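Structure data follow from input_39.csv (CSV, C-alpha atoms):
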```csv
chain,number,residue,atom,x,y,z
J,51,MET,CA,170.0,107.1,110.8
J,52,ASN,CA,167.9,104.5,112.6
J,53,GLN,CA,164.2,105.2,112.9
J,54,PRO,CA,162.8,105.0,116.5
J,55,ARG,CA,161.0,101.7,117.1
J,56,THR,CA,157.3,101.8,117.8
J,57,SER,CA,156.1,99.6,120.6
J,58,VAL,CA,153.0,97.4,120.4
J,59,ASN,CA,151.2,99.6,123.0
J,60,ASP,CA,151.8,102.7,120.9
J,61,THR,CA,150.4,101.0,117.9
J,62,VAL,CA,147.2,99.9,119.8
J,63,LEU,CA,146.7,103.4,121.1
J,64,ARG,CA,147.1,104.8,117.6
J,65,ILE,CA,144.5,102.4,116.2
J,66,GLN,CA,142.1,103.3,119.0
J,67,GLU,CA,142.5,107.0,118.4
J,68,LEU,CA,141.8,106.6,114.7
J,69,THR,CA,138.7,104.4,115.4
J,70,GLN,CA,137.3,107.0,117.8
J,71,ARG,CA,137.8,109.8,115.3
J,72,ARG,CA,136.0,107.8,112.6
J,73,ALA,CA,133.1,106.9,115.0
J,74,ALA,CA,132.7,110.6,115.9
J,75,GLY,CA,132.7,111.6,112.3
J,76,LEU,CA,130.0,109.0,111.5
J,77,ILE,CA,127.8,110.2,114.5
J,78,PHE,CA,128.2,113.9,113.3
J,79,ALA,CA,127.2,113.0,109.8
J,80,GLY,CA,124.2,111.0,111.0
J,81,ALA,CA,123.0,113.8,113.2
J,82,LEU,CA,123.4,116.3,110.3
J,83,VAL,CA,121.3,114.1,108.0
J,84,LEU,CA,118.6,113.7,110.6
J,85,GLY,CA,118.5,117.4,111.3
J,86,LEU,CA,118.1,118.2,107.6
J,87,ALA,CA,115.3,115.7,107.3
J,88,ILE,CA,113.4,117.1,110.3
J,89,GLY,CA,113.9,120.6,109.0
J,90,TRP,CA,112.6,119.7,105.6
J,91,TRP,CA,109.5,118.0,107.1
J,92,LEU,CA,108.7,121.0,109.3
J,93,TRP,CA,109.2,123.4,106.4
J,94,GLY,CA,107.2,121.4,103.9
J,95,ALA,CA,104.4,120.1,106.2
J,96,PRO,CA,101.0,121.8,105.8
J,97,PRO,CA,99.9,124.3,108.6
J,98,GLN,CA,98.2,122.6,111.5
J,99,THR,CA,94.7,124.0,111.0
J,100,ALA,CA,92.8,120.7,110.5
J,101,GLY,CA,92.8,120.0,114.2
J,102,ILE,CA,90.9,123.2,115.0
J,103,ASP,CA,87.9,121.8,113.1
J,104,LYS,CA,87.7,118.5,115.1
J,105,PRO,CA,85.6,119.8,118.0
J,106,GLU,CA,83.1,121.4,115.6
J,107,ILE,CA,82.8,118.1,113.7
J,108,LEU,CA,82.2,116.2,117.0
J,109,ALA,CA,79.6,118.8,118.0
J,110,ARG,CA,77.7,118.3,114.9
J,111,ALA,CA,77.6,114.6,115.6
J,112,GLY,CA,75.1,115.2,118.4
J,113,PRO,CA,74.9,113.7,121.9
J,114,ASN,CA,76.7,110.5,122.7
J,115,ILE,CA,74.9,107.2,122.9
J,116,GLY,CA,75.1,105.9,126.5
J,117,ALA,CA,73.3,104.9,129.6
J,118,PHE,CA,73.5,108.1,131.7
J,119,PRO,CA,71.8,111.5,131.9
J,120,GLY,CA,72.6,113.5,128.8
J,121,ASP,CA,73.2,110.5,126.6
J,122,VAL,CA,70.9,109.2,123.9
J,123,ALA,CA,69.5,105.9,125.2
J,124,PRO,CA,70.8,102.9,123.2
J,125,GLU,CA,68.4,101.2,120.9
J,126,PHE,CA,67.5,97.6,121.7
J,127,GLN,CA,65.1,94.8,120.7
J,128,LEU,CA,63.7,92.3,123.2
J,129,PRO,CA,60.9,89.7,123.3
J,130,THR,CA,57.9,90.6,125.4
J,131,LEU,CA,56.0,88.5,127.8
J,132,ASP,CA,53.0,88.5,125.4
J,133,GLY,CA,55.1,86.9,122.7
J,134,ASP,CA,55.7,90.0,120.6
J,135,THR,CA,59.0,92.0,120.0
J,136,ALA,CA,59.5,95.4,121.4
J,137,THR,CA,62.1,98.1,120.6
J,138,LEU,CA,62.9,101.4,122.3
J,139,GLY,CA,62.8,103.2,118.9
J,140,GLU,CA,59.1,102.5,118.4
J,141,HIS,CA,58.4,104.8,121.3
J,142,ARG,CA,60.4,107.8,120.0
J,143,GLU,CA,57.3,109.9,120.1
J,144,HIS,CA,56.7,109.1,123.7
J,145,ARG,CA,58.5,109.9,127.0
J,146,VAL,CA,59.7,106.5,128.4
J,147,LEU,CA,60.2,105.2,131.9
J,148,LEU,CA,62.5,102.2,131.5
J,149,ASN,CA,62.4,100.1,134.6
J,150,PHE,CA,64.8,97.2,135.2
J,151,PHE,CA,63.5,94.8,137.8
J,152,ALA,CA,63.6,91.2,139.1
J,153,SER,CA,60.8,89.2,140.7
J,154,TRP,CA,62.9,88.2,143.7
J,155,CYS,CA,64.0,91.8,144.4
J,156,GLU,CA,62.1,93.2,147.4
J,157,PRO,CA,62.7,96.9,146.6
J,158,CYS,CA,61.3,96.1,143.1
J,159,ARG,CA,58.2,94.6,144.6
J,160,ALA,CA,57.7,97.5,146.9
J,161,GLU,CA,58.1,100.1,144.1
J,162,MET,CA,56.0,98.4,141.4
J,163,PRO,CA,52.5,99.5,142.6
J,164,GLY,CA,53.7,103.1,142.3
J,165,VAL,CA,55.1,102.4,138.8
J,166,GLN,CA,51.8,100.9,137.7
J,167,SER,CA,49.8,103.7,139.1
J,168,GLN,CA,51.9,106.3,137.2
J,169,ALA,CA,51.7,104.2,134.0
J,170,GLU,CA,47.9,104.4,134.2
J,171,LYS,CA,47.9,108.1,135.1
J,172,HIS,CA,50.1,109.2,132.3
J,173,ALA,CA,49.1,106.7,129.5
J,174,SER,CA,47.4,109.6,127.6
J,175,HIS,CA,50.2,112.1,128.2
J,176,GLU,CA,52.8,110.8,125.7
J,177,TRP,CA,54.3,108.5,128.4
J,178,VAL,CA,55.0,104.8,128.2
J,179,VAL,CA,56.4,102.5,130.8
J,180,LEU,CA,58.6,99.6,129.7
J,181,GLY,CA,59.5,97.0,132.4
J,182,VAL,CA,62.6,94.9,131.7
J,183,ASP,CA,62.8,91.6,133.6
J,184,VAL,CA,66.5,90.9,134.2
J,185,MET,CA,67.6,87.4,133.4
J,186,GLU,CA,64.6,85.4,134.7
J,187,THR,CA,62.4,82.8,133.2
J,188,ARG,CA,59.2,83.7,131.3
J,189,GLU,CA,57.2,82.0,134.1
J,190,ALA,CA,58.8,84.1,136.8
J,191,ALA,CA,58.1,87.3,134.9
J,192,ALA,CA,54.5,86.3,134.2
J,193,ALA,CA,53.9,85.6,137.9
J,194,PHE,CA,55.4,89.0,138.8
J,195,ARG,CA,53.1,90.7,136.3
J,196,ASP,CA,50.1,88.9,137.6
J,197,ASP,CA,50.9,89.6,141.3
J,198,PHE,CA,50.8,93.3,140.7
J,199,GLY,CA,48.3,93.5,137.8
J,200,LEU,CA,50.8,95.2,135.5
J,201,THR,CA,49.4,96.5,132.3
J,202,PHE,CA,52.5,98.0,130.7
J,203,PRO,CA,54.8,95.9,128.5
J,204,ILE,CA,57.2,93.5,130.2
J,205,LEU,CA,60.3,92.8,128.2
J,206,LEU,CA,62.4,89.7,128.8
J,207,ASP,CA,66.2,90.3,129.0
J,208,ASP,CA,66.8,86.6,129.6
J,209,ILE,CA,70.5,86.7,128.8
J,210,GLY,CA,71.2,90.1,130.2
J,211,TRP,CA,72.6,91.9,127.2
J,212,VAL,CA,70.4,95.0,127.5
J,213,THR,CA,71.1,95.1,131.2
J,214,LEU,CA,74.8,95.1,130.3
J,215,ILE,CA,74.5,97.8,127.7
J,216,TYR,CA,72.6,100.0,130.2
J,217,GLN,CA,75.3,99.3,132.8
J,218,VAL,CA,72.6,98.2,135.3
J,219,THR,CA,74.4,97.2,138.6
J,220,GLY,CA,71.3,96.6,140.7
J,221,THR,CA,67.6,96.5,140.7
J,222,PRO,CA,65.4,98.4,140.5
J,223,THR,CA,67.1,100.8,138.1
J,224,SER,CA,64.9,103.4,136.4
J,225,LEU,CA,65.7,105.6,133.4
J,226,PHE,CA,63.5,108.5,132.4
J,227,ILE,CA,63.8,109.3,128.7
J,228,ASP,CA,62.5,112.4,126.9
J,229,LEU,CA,60.9,112.8,123.5
J,230,GLU,CA,64.3,113.1,121.8
J,231,GLY,CA,65.4,109.8,123.2
J,232,VAL,CA,67.8,111.5,125.7
J,233,ILE,CA,68.1,110.1,129.2
J,234,VAL,CA,67.0,112.9,131.6
J,235,GLU,CA,67.2,111.0,134.9
J,236,ARG,CA,68.6,107.7,136.2
J,237,ARG,CA,67.9,106.2,139.6
J,238,LEU,CA,69.1,103.1,141.3
J,239,GLY,CA,67.0,101.7,144.1
J,240,TYR,CA,63.5,102.1,145.4
J,241,MET,CA,61.4,105.2,144.7
J,242,ASP,CA,58.0,105.9,146.1
J,243,GLU,CA,55.2,107.0,143.9
J,244,ALA,CA,55.5,110.7,144.8
J,245,GLU,CA,59.2,110.7,143.7
J,246,ILE,CA,58.4,108.9,140.4
J,247,ALA,CA,55.6,111.4,139.7
J,248,LYS,CA,57.9,114.3,140.4
J,249,ILE,CA,60.5,113.1,137.9
J,250,ILE,CA,57.8,112.3,135.3
J,251,GLU,CA,56.5,115.9,135.6
J,252,SER,CA,60.0,117.3,135.1
J,253,VAL,CA,60.7,115.5,131.8
J,254,ARG,CA,59.7,117.6,128.8
```

Do you think you could lay out the structure here as structure tokens?
Amino acid sequence: MNQPRTSVNDTVLRIQELTQRRAAGLIFAGALVLGLAIGWWLWGAPPQTAGIDKPEILARAGPNIGAFPGDVAPEFQLPTLDGDTATLGEHREHRVLLNFFASWCEPCRAEMPGVQSQAEKHASHEWVVLGVDVMETREAAAAFRDDFGLTFPILLDDIGWVTLIYQVTGTPTSLFIDLEGVIVERRLGYMDEAEIAKIIESVR
């Protein structure tokens, strides 16, 4: 008896069917192995309790260092107009008014007599004023000091790195810092003496 002849098309279809079955088998086997691996990891992994402690650890770290109220004021070191070097840290036992200014700034010039007056008034009350001249020459800063008879230290931020750290976007900018080194108040723009005095009295 003669066997039926198989056409080329039938052979191709049969090969395709076998290939598809083999591919499906491989996919199933791969999925099974992956599922077993994930199940083993979930079963063997330690309980997720470590993350609960993270906020507590962060809380113990204390306030953030930054340039805005509630932050600890960043430490810095700058040359002074008198030829010395000044740091913020050396005034940790004082409340500090940190005033960023420029000699060409009209609001700075208008504000400075009030700043000087409050510096004199509170010199014996654990207050210190630090003026930071923003990116000017020593000569310009000296002329500004002499124009207003300033007696508090003038710091020279000639390349502007402290200005950048404190994110100063305009002058005058004033930061009021408490005995713990924490920024209590930050103001951009002119303040009259009464407003300066009110903030100073509020800082403990």

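Between Arg237 (chain J) and the candidates J:Val178, J:Leu200, J:Leu147, J:Met185, the tightest atom-to-atom separation, counting all atoms listed in the file, involves J:Leu147.
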
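When only C-alpha atoms are used to compute distances to Ile215 (chain J), the closest of the residues J:Glu125, J:Glu140, J:Glu251, J:Glu243 turns out to be J:Glu125.
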
Legend entry - Close residues, Arg236 (chain J) itself excluded, 9 Å, all atoms listed in the file, min 3 positions apart in chain, as a ChimeraX atom specification: /J:117-119,223-226,233

Inset, instruction - Name all residues at most 10 Å from Pro222 (chain J) (count all atoms listed in the file; drop same-chain ones fewer than 3 positions away) and give them as a ChimeraX atom specification. - result: /J:149-152,155-159,161-162,182,184,218-219,237-241

Inset, instruction - Identify, on the basis of only C-alpha atoms, every residue whose closest approach to Arg142 (chain J) does not exceed 7 Å; exclude the query and any residue fewer than 5 positions from it along the same chain; express the result as a list in words. - result: Leu229, Glu230 and Gly231 of chain J

Legend entry - region 120-123 of chain J environment, 9 Å, all atoms listed in the file, sequence neighbours closer than 3 positions dropped, as JSON, numbers by chain: {"J": [113, 114, 115, 116, 117, 138, 216, 227, 230, 231, 232, 233, 234, 235]}

Restricting the output to C-alpha atoms, write the selected residues as a PDB file, in the coordinates of the input.
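And here's part_9.pdb as it stands now:
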```
ATOM      1  CA  PRO J 113      74.900 113.700 121.900  1.00  0.00           C
ATOM      2  CA  ASN J 114      76.700 110.500 122.700  1.00  0.00           C
ATOM      3  CA  ILE J 115      74.900 107.200 122.900  1.00  0.00           C
ATOM      4  CA  GLY J 116      75.100 105.900 126.500  1.00  0.00           C
ATOM      5  CA  ALA J 117      73.300 104.900 129.600  1.00  0.00           C
ATOM      6  CA  LEU J 138      62.900 101.400 122.300  1.00  0.00           C
ATOM      7  CA  TYR J 216      72.600 100.000 130.200  1.00  0.00           C
ATOM      8  CA  ILE J 227      63.800 109.300 128.700  1.00  0.00           C
ATOM      9  CA  GLU J 230      64.300 113.100 121.800  1.00  0.00           C
ATOM     10  CA  GLY J 231      65.400 109.800 123.200  1.00  0.00           C
ATOM     11  CA  VAL J 232      67.800 111.500 125.700  1.00  0.00           C
ATOM     12  CA  ILE J 233      68.100 110.100 129.200  1.00  0.00           C
ATOM     13  CA  VAL J 234      67.000 112.900 131.600  1.00  0.00           C
ATOM     14  CA  GLU J 235      67.200 111.000 134.900  1.00  0.00           C
TER      15      GLU J 235
END
```

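The smallest atom-to-atom distance between Ala192 (chain J) and any of J:Thr137, J:Trp211, J:Lys171, J:Leu206, using all atoms listed in the file, is found for J:Leu206.
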
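Relative to CA of Gly164 (chain J), CA of Asp207 (chain J) is found at 22.3 Å.
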
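Candidate residues J:Asp196, J:Ser252, J:Phe202, J:Gln217 were compared for distance to Val179 (chain J), and the nearest is J:Phe202, using all atoms listed in the file.
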
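You will find CA of Ser174 (chain J) at 25.8 Å from CA of Ala191 (chain J).
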